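Colleague: Attaching a single structure in C-alpha cells format; questions to follow.
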Amino acid sequence: MAGGGESSAPGHAALSKLLEALVECWEREDEEFRELRRRSADWKFIEEQPPHLRAALIYFIERGDRYVAARIAGLTVEEFDELRRRANIPVVV
C-alpha cells in the first residue's frame, strides 16, 4: 500500500474542481429561480397578508422551501400551496 496516498491526490483535485463547479451551477440556478419567483409574485396580495403569512411567502420566494414556509405560516403544505398560488408564486424545480 506504499504510495497509495500519492496516487489519490490528482483524483482528489479533480473531484474538488467538479464539486466547486456543481456548487457554482446550483448557486446560479437558485438565483435564477429566486428572480423568477420575485417577478411572478403578486406583491400587493403579499403585502396585504398578516405578518406571519407575509413572512412565510417572502421566505418561500427567497428560499423555495414550501415545508419551512408552511411551518412559518402555521399551515399544512397543502394550505400553504393554496396561499402561494393566490400570491402567484410559482414552484420552480
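Chain lettering (A, B, ...) mirrors the order of the C-alpha cells, residue numbering begins at 1 for each chain separately, and ligand numbering begins at 1 in order of display.
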Show which residues sit within 7 Å of region 69-84 of chain A, as a list in words. Count only C-alpha atoms, and ignore same-chain residues fewer than 4 positions away.
Modeller: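 Here the answer would be His52, Leu53, Ala56, Leu57, Tyr59, Phe60, Asp65, Asn88 and Ile89 of chain A.
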Colleague: Enumerate, as a PyMOL selection string, the complete set of residues in chain A that a backbone-based DSSP assignment places in helix (DSSP H, G or I).
Modeller: chain A and resi 4-40+43-47+51-63+66-73+77-86
Colleague: Would you mind telling me which residue in A:Val68, A:Arg85, A:Leu18, A:Ala13 lies nearest to Ala55 (chain A) when using only C-alpha atoms?
Modeller: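 Of A:Val68, A:Arg85, A:Leu18, A:Ala13, the one nearest Ala55 (chain A), counting only C-alpha atoms, is A:Val68.
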Colleague: Between CA of Ala41 (chain A) and CA of Glu29 (chain A), what is the distance in Å, rounded to a tenth?
Modeller: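 CA of Glu29 (chain A) lies 18.2 Å from CA of Ala41 (chain A).
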Colleague: Which residue gives the smallest distance to Gly64 (chain A) among A:Glu31, A:Asp42, A:Glu48, A:Glu24, with only C-alpha atoms counted?
Modeller: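 Nearest to Gly64 (chain A): A:Glu31.
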Colleague: Between CA of Arg37 (chain A) and CA of Gln49 (chain A), what is the distance, to one decimal in Å?
Modeller: 17.5 Å
Colleague: Compile the contact shell of Arg39 (chain A) as an NGL selection string: residues with an atom at most 12 Å away, counting only C-alpha atoms, same-chain residues fewer than 5 positions apart removed.
Modeller: :A and (32-34 or 61-62 or 87-90)
Colleague: Keeping C-alpha atoms, export the residues of the selection given above as an mmCIF file, in the first residue's frame.
Modeller:
data_model
loop_
_atom_site.group_PDB
_atom_site.id
_atom_site.type_symbol
_atom_site.label_atom_id
_atom_site.label_comp_id
_atom_site.auth_asym_id
_atom_site.auth_seq_id
_atom_site.Cartn_x
_atom_site.Cartn_y
_atom_site.Cartn_z
ATOM 1 C CA GLU A 32 -32.490 32.429 -11.351
ATOM 2 C CA PHE A 33 -35.326 30.613 -9.569
ATOM 3 C CA ARG A 34 -35.454 33.289 -6.856
ATOM 4 C CA ILE A 61 -39.755 33.477 -2.589
ATOM 5 C CA GLU A 62 -36.217 33.709 -1.244
ATOM 6 C CA ALA A 87 -49.917 35.059 -4.401
ATOM 7 C CA ASN A 88 -48.981 33.907 -7.937
ATOM 8 C CA ILE A 89 -45.643 32.459 -6.809
ATOM 9 C CA PRO A 90 -44.518 29.530 -8.957
#
Colleague: Taking into account only C-alpha atoms, which residue in the set A:Arg86, A:Val91, A:Glu20, A:Trp26 is nearest to Arg66 (chain A)?
Modeller: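 Going through A:Arg86, A:Val91, A:Glu20, A:Trp26 one by one, the smallest distance to Arg66 (chain A) is for A:Val91.
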Colleague: Of the candidates A:Arg54, A:Trp43, A:Arg63, A:Ala9, which one gets nearest to Glu27 (chain A) if we count only C-alpha atoms?
Modeller: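 Selected residue with least distance to Glu27 (chain A): A:Arg63.
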